[in-house]
Amino acid sequence: MKALVLGGGGREHALVRALSLDPGVTSIHCAPGNPGISDLAENHVINVTDGLAVTELAARIRAELVVIGPEAPLVAGVADALRDRGIPVFGPDQAAARLEGSKAFAKEVMEAAGVPTARARVCRNASQVSEALDEFGAPYVVKNDGLAAGKGVVVTEDRAAAERHARECGRVVIEEFLDGPEVSLFVLSDGAHALPLLPAQDFKRAYDGDEGPNTGGMGAYAPLPWAPTSLVDEVLESVVRPTLMEMNRRGMRYQGLLYVGLALTSRGPRVVEFNARFGDPETQVVLDRLATPIGAVLQATDTGGLGSIGSLQWKAGAAVTVVVAAENYPGDPAKGDLIGGLDAADALDGAYVLHAGTDWDGARDVKSNGGRVLNVVGTGADLRQARERAYEAVSRIELRGSFHRTDIAERAAAQL
């Protein structure tokens with residue numbers, strides 16, 4: 001199988017790495033890719049939201065599977081263009097991708113499907129915002145209705161900050177705050193069948209102790225030794241299958257990945273959000289644990305037959321990923337700084353580095369080119385060993401002004 005992966009971040013590096021370990025995948029291409037991905041795939045420079053450009057590239061390299069990593073191409077309808085050309089694609093079409101492209105639409109679907117989620121109001125002006133904030137109280141949860149690259153949500157005790165975010169976004173969804181730990185569950189779907197992956201937990205706040213602003217994610221780990229054993233089955237029954245049925249009722253066959261962000265509240269699991277693609281950085285640890293070859297599984301979401309695959313197989317042990325972020329992230333991150341220590345980190349037993357926001361500096365050197373620059377993954381027999389290996393590898397990285405959280409998976413590892 002020849003595969004083409006769209007995107008150039010840490011999630012896409014993890015996908016490319018997983019495909020490279022699949023004996024059924026004969027060649028891998030990536031657009032636009034990054035320096036780390038170039039070790040495993042041929043990179044191509046195209047506009048990944050341009051359906052014509054993507055289909056032309058896929059046809060030229062004779063791709064038998066196109067994996068759409070980021071959300072923007074999905075919302076732009078790139079999957080539709082590929083399917084129109086008969087090219088198998090992993091990712092929902094434009095209509096179904098509204099589950100991520102519009103928080104208001106996702107809430108509408110959840111309500112119609114009877115999915116447990118936070119009470120919410122869609123607000124279009126300052127008066128509606130004020131009424132909703134009064135109704136739900138602090139902590140205030142304000143979500144940009146549209147795509148915001150993982151930075152569209154503000155959770156704050158500060159009423160003025162909540163109102164300011166609402167003004168900056170325009171149309172927003174304001175929700176009640178959900179208590180309890182958050183869990184990410186990825187589910188593959190061909191429109192009729194649902195196949196769950198391993199649950200994971202990520203860390204959204206920039207600094208230790210869940211302090212600081214929201215980010216796209218500063219680290220993640222899997223598996224979750226503290227999660228109820230019945231969690232996945234419960235979410236499939238109460239969330240995933242009703243959502244897929246409601247989407248089908250609306251004429252939107254959902255093919256690809258449904259990301260279910262959950263809060264395990266005192267009233268049971270509640271949906272925080274849906275995404276239409278793999279989450280970042282949870283993908284990095286979930287795919288690390290996957291033992292089943294991934295290519296044919298992703299392809300089956302488009303071609304059918306996902307129900308005949310059965311359950312996925314998982315490696316024993318655990319994985320932890322720590323994000324190395326650029327100075328000033330998540331504001332205006334510093335870019336263009338040389339990165340050292342990559343080979344030293346990769347050489348450690350049980351650890352490796354996935355590139356996220358990087359670029360070439362000349363012919364051989366690598367520089368920072370984004371807010372979240374690297375994902376450093378540690379693996380081990382348990383979370384404690386995986387953490388140790390991840391942080392040992394992080395200590396080898398040299399990047400001016402960079403920072404990382406030191407408490408990724410700390411509490412879960414301490415409970416072993």
# chains A, B, ... in the order shown; residues from 1 in each chain; ligands from 1

$ residues_around --residues "A:Leu133" --least-positions-apart "5" --cutoff "10 Å" --atoms "only C-alpha atoms" --output "JSON, numbers by chain"
{"A": [121, 128, 138, 139, 140, 141, 142, 159, 162, 163, 174, 175, 176]}

$ select_by_dssp --residues "stretch 75-285 of chain A" --states "alpha helix (DSSP H)" --output "VMD selection string"
chain A and resid 75 78 to 84 98 to 101 103 to 113 126 to 136 159 to 169 231 to 235 241 to 249 282 to 285

$ write_last_selection --atoms "C-alpha atoms" --output "PDB file, in the first residue's frame"
ATOM      1  CA  VAL A  75     -13.494  21.287   6.990  1.00  0.00           C
ATOM      2  CA  VAL A  78     -10.494  17.704   0.834  1.00  0.00           C
ATOM      3  CA  ALA A  79     -11.869  14.249   1.703  1.00  0.00           C
ATOM      4  CA  ASP A  80     -14.796  14.890  -0.675  1.00  0.00           C
ATOM      5  CA  ALA A  81     -12.409  15.709  -3.531  1.00  0.00           C
ATOM      6  CA  LEU A  82     -10.425  12.520  -2.954  1.00  0.00           C
ATOM      7  CA  ARG A  83     -13.513  10.326  -2.774  1.00  0.00           C
ATOM      8  CA  ASP A  84     -14.834  11.892  -5.961  1.00  0.00           C
ATOM      9  CA  ARG A  98     -18.822  20.077  10.967  1.00  0.00           C
ATOM     10  CA  LEU A  99     -18.756  18.053  14.193  1.00  0.00           C
ATOM     11  CA  GLU A 100     -15.422  19.769  14.720  1.00  0.00           C
ATOM     12  CA  GLY A 101     -15.851  22.789  12.483  1.00  0.00           C
ATOM     13  CA  LYS A 103     -19.195  23.680  18.249  1.00  0.00           C
ATOM     14  CA  ALA A 104     -22.821  24.775  17.899  1.00  0.00           C
ATOM     15  CA  PHE A 105     -23.509  22.060  15.317  1.00  0.00           C
ATOM     16  CA  ALA A 106     -21.856  19.443  17.532  1.00  0.00           C
ATOM     17  CA  LYS A 107     -24.077  20.471  20.446  1.00  0.00           C
ATOM     18  CA  GLU A 108     -27.125  20.260  18.192  1.00  0.00           C
ATOM     19  CA  VAL A 109     -26.205  16.710  17.157  1.00  0.00           C
ATOM     20  CA  MET A 110     -25.501  15.664  20.738  1.00  0.00           C
ATOM     21  CA  GLU A 111     -28.844  16.986  21.913  1.00  0.00           C
ATOM     22  CA  ALA A 112     -30.716  15.206  19.123  1.00  0.00           C
ATOM     23  CA  ALA A 113     -28.841  11.960  19.832  1.00  0.00           C
ATOM     24  CA  ALA A 126     -22.703  40.671  24.212  1.00  0.00           C
ATOM     25  CA  SER A 127     -26.169  40.532  25.766  1.00  0.00           C
ATOM     26  CA  GLN A 128     -26.513  36.792  25.124  1.00  0.00           C
ATOM     27  CA  VAL A 129     -22.974  36.219  26.405  1.00  0.00           C
ATOM     28  CA  SER A 130     -23.737  38.071  29.639  1.00  0.00           C
ATOM     29  CA  GLU A 131     -26.928  36.093  30.201  1.00  0.00           C
ATOM     30  CA  ALA A 132     -25.170  32.757  29.605  1.00  0.00           C
ATOM     31  CA  LEU A 133     -22.282  33.619  31.925  1.00  0.00           C
ATOM     32  CA  ASP A 134     -24.808  34.564  34.606  1.00  0.00           C
ATOM     33  CA  GLU A 135     -26.691  31.309  34.085  1.00  0.00           C
ATOM     34  CA  PHE A 136     -23.739  28.924  34.288  1.00  0.00           C
ATOM     35  CA  ARG A 159     -15.490  37.215  34.140  1.00  0.00           C
ATOM     36  CA  ALA A 160     -13.734  39.987  32.179  1.00  0.00           C
ATOM     37  CA  ALA A 161     -11.431  37.452  30.492  1.00  0.00           C
ATOM     38  CA  ALA A 162     -14.407  35.316  29.515  1.00  0.00           C
ATOM     39  CA  GLU A 163     -16.226  38.314  28.031  1.00  0.00           C
ATOM     40  CA  ARG A 164     -13.100  39.444  26.202  1.00  0.00           C
ATOM     41  CA  HIS A 165     -12.643  36.003  24.586  1.00  0.00           C
ATOM     42  CA  ALA A 166     -16.283  36.018  23.514  1.00  0.00           C
ATOM     43  CA  ARG A 167     -15.859  39.427  21.864  1.00  0.00           C
ATOM     44  CA  GLU A 168     -12.732  38.277  20.024  1.00  0.00           C
ATOM     45  CA  CYS A 169     -14.449  35.152  18.706  1.00  0.00           C
ATOM     46  CA  LEU A 231     -15.419   3.224  30.356  1.00  0.00           C
ATOM     47  CA  VAL A 232     -14.886   2.415  26.670  1.00  0.00           C
ATOM     48  CA  ASP A 233     -17.994   0.240  26.384  1.00  0.00           C
ATOM     49  CA  GLU A 234     -20.053   2.841  28.206  1.00  0.00           C
ATOM     50  CA  VAL A 235     -18.904   5.643  25.899  1.00  0.00           C
ATOM     51  CA  ARG A 241     -23.206   4.871  18.439  1.00  0.00           C
ATOM     52  CA  PRO A 242     -26.016   7.395  19.054  1.00  0.00           C
ATOM     53  CA  THR A 243     -23.908  10.097  17.388  1.00  0.00           C
ATOM     54  CA  LEU A 244     -23.161   7.954  14.327  1.00  0.00           C
ATOM     55  CA  MET A 245     -26.857   7.053  14.039  1.00  0.00           C
ATOM     56  CA  GLU A 246     -27.877  10.713  14.251  1.00  0.00           C
ATOM     57  CA  MET A 247     -25.318  11.661  11.616  1.00  0.00           C
ATOM     58  CA  ASN A 248     -26.640   8.911   9.339  1.00  0.00           C
ATOM     59  CA  ARG A 249     -30.188  10.151   9.938  1.00  0.00           C
ATOM     60  CA  GLU A 282      -2.599  11.966  22.537  1.00  0.00           C
ATOM     61  CA  THR A 283      -2.010  10.372  19.129  1.00  0.00           C
ATOM     62  CA  GLN A 284       1.683  10.130  19.896  1.00  0.00           C
ATOM     63  CA  VAL A 285       1.151   7.795  22.866  1.00  0.00           C
TER      64      VAL A 285
END

$ closest_residue --among "A:Asp288, A:Glu71, A:Asp210, A:Glu157" --to "A:Pro181" --atoms "only C-alpha atoms"
A:Asp210

$ closest_residue --among "A:Pro225, A:Gly24, A:Pro333, A:Gly256" --to "A:Ile68" --atoms "only C-alpha atoms"
A:Gly256

$ closest_residue --among "A:Tyr259, A:Tyr391, A:Phe177, A:Phe186" --to "A:Leu348" --atoms "only C-alpha atoms"
A:Tyr391

$ select_by_dssp --residues "stretch 124-279 of chain A" --states "strand (DSSP E or B)" --output "NGL selection string"
:A and (140-144 or 153-156 or 172-175 or 182-190 or 194-196 or 200-202 or 205-207 or 211-214 or 219-222 or 255-265 or 268-275)

$ closest_residue --among "A:Gly304, A:Pro73, A:Gly378, A:Pro213" --to "A:Thr156" --atoms "only C-alpha atoms"
A:Pro213

$ residues_around --residues "stretch 1-11 of chain A" --least-positions-apart "3" --cutoff "9 Å" --atoms "only C-alpha atoms" --output "PDB file with C-alpha atoms, in the first residue's frame"
ATOM      1  CA  ALA A  14       3.318   9.743  14.809  1.00  0.00           C
ATOM      2  CA  LEU A  15       1.027   8.596  11.989  1.00  0.00           C
ATOM      3  CA  VAL A  16       3.925   8.316   9.551  1.00  0.00           C
ATOM      4  CA  LEU A  19       2.602   3.446   8.943  1.00  0.00           C
ATOM      5  CA  GLY A  24       1.766  -3.828   4.285  1.00  0.00           C
ATOM      6  CA  VAL A  25       2.756  -0.203   3.617  1.00  0.00           C
ATOM      7  CA  THR A  26       5.332  -0.076   0.821  1.00  0.00           C
ATOM      8  CA  SER A  27       5.939   3.677   0.565  1.00  0.00           C
ATOM      9  CA  ILE A  28       4.939   6.813   2.461  1.00  0.00           C
ATOM     10  CA  HIS A  29       4.605  10.392   1.278  1.00  0.00           C
ATOM     11  CA  CYS A  30       3.761  13.424   3.395  1.00  0.00           C
ATOM     12  CA  ALA A  31       2.625  16.968   2.602  1.00  0.00           C
ATOM     13  CA  PRO A  32       4.101  19.226   3.777  1.00  0.00           C
ATOM     14  CA  GLY A  33       5.906  17.054   6.320  1.00  0.00           C
ATOM     15  CA  ASN A  34       8.811  18.252   8.455  1.00  0.00           C
ATOM     16  CA  ILE A  37       9.156  13.007   8.938  1.00  0.00           C
ATOM     17  CA  ALA A  41       8.642   9.627   4.074  1.00  0.00           C
ATOM     18  CA  VAL A  48      -3.214  20.807   2.023  1.00  0.00           C
ATOM     19  CA  VAL A  54      -4.120  17.077  -2.978  1.00  0.00           C
ATOM     20  CA  LEU A  57      -0.532  14.643  -5.833  1.00  0.00           C
ATOM     21  CA  ALA A  58      -2.343  11.513  -4.662  1.00  0.00           C
ATOM     22  CA  ILE A  61       2.100   9.001  -6.594  1.00  0.00           C
ATOM     23  CA  ARG A  62      -0.714   6.428  -6.990  1.00  0.00           C
ATOM     24  CA  ALA A  63      -1.716   6.644  -3.355  1.00  0.00           C
ATOM     25  CA  GLU A  64      -3.922   3.833  -2.105  1.00  0.00           C
ATOM     26  CA  LEU A  65      -4.652   5.671   1.125  1.00  0.00           C
ATOM     27  CA  VAL A  66      -4.633   9.375   2.010  1.00  0.00           C
ATOM     28  CA  VAL A  67      -4.577  10.108   5.739  1.00  0.00           C
ATOM     29  CA  ILE A  68      -5.779  13.628   6.577  1.00  0.00           C
ATOM     30  CA  GLY A  69      -4.098  14.730   9.783  1.00  0.00           C
ATOM     31  CA  PRO A  70      -5.214  18.330  10.502  1.00  0.00           C
ATOM     32  CA  PRO A  73      -8.412  20.169   5.146  1.00  0.00           C
ATOM     33  CA  PHE A 278      -6.655  12.369  15.775  1.00  0.00           C
ATOM     34  CA  GLY A 279      -5.899  14.598  18.766  1.00  0.00           C
ATOM     35  CA  ASP A 280      -2.470  16.045  19.444  1.00  0.00           C
ATOM     36  CA  PRO A 281      -0.502  15.005  21.558  1.00  0.00           C
ATOM     37  CA  GLU A 282      -2.599  11.966  22.537  1.00  0.00           C
ATOM     38  CA  THR A 283      -2.010  10.372  19.129  1.00  0.00           C
ATOM     39  CA  GLN A 284       1.683  10.130  19.896  1.00  0.00           C
ATOM     40  CA  GLY A 295      -2.659   0.883   7.220  1.00  0.00           C
ATOM     41  CA  ALA A 296      -5.464  -1.537   6.394  1.00  0.00           C
ATOM     42  CA  LEU A 354       8.688  13.347  17.062  1.00  0.00           C
ATOM     43  CA  HIS A 355       8.946  16.675  15.255  1.00  0.00           C
ATOM     44  CA  ALA A 356       6.019  19.112  15.480  1.00  0.00           C
ATOM     45  CA  GLY A 357       7.003  22.733  14.815  1.00  0.00           C
ATOM     46  CA  THR A 358      10.367  22.336  13.072  1.00  0.00           C
ATOM     47  CA  ARG A 372       4.931  23.192  20.138  1.00  0.00           C
ATOM     48  CA  VAL A 373       8.289  22.244  18.684  1.00  0.00           C
ATOM     49  CA  LEU A 374       8.924  18.615  19.667  1.00  0.00           C
ATOM     50  CA  ASN A 375       7.117  15.645  21.206  1.00  0.00           C
TER      51      ASN A 375
END

$ atom_distance --atom1 "atom CA of A:Thr265" --atom2 "atom CA of A:Glu182"
8.8 Å

$ closest_residue --among "A:Ala200, A:Asp190, A:Val323, A:Met218" --to "A:Ser308" --atoms "only C-alpha atoms"
A:Asp190

$ closest_residue --among "A:Ala18, A:Ala347, A:Ala194, A:Ala95" --to "A:Glu237" --atoms "only C-alpha atoms"
A:Ala194

$ atom_distance --atom1 "atom CA of A:Gly350" --atom2 "atom CA of A:Ala386"
7.6 Å

$ atom_distance --atom1 "atom CA of A:Asp22" --atom2 "atom CA of A:Pro293"
4.9 Å
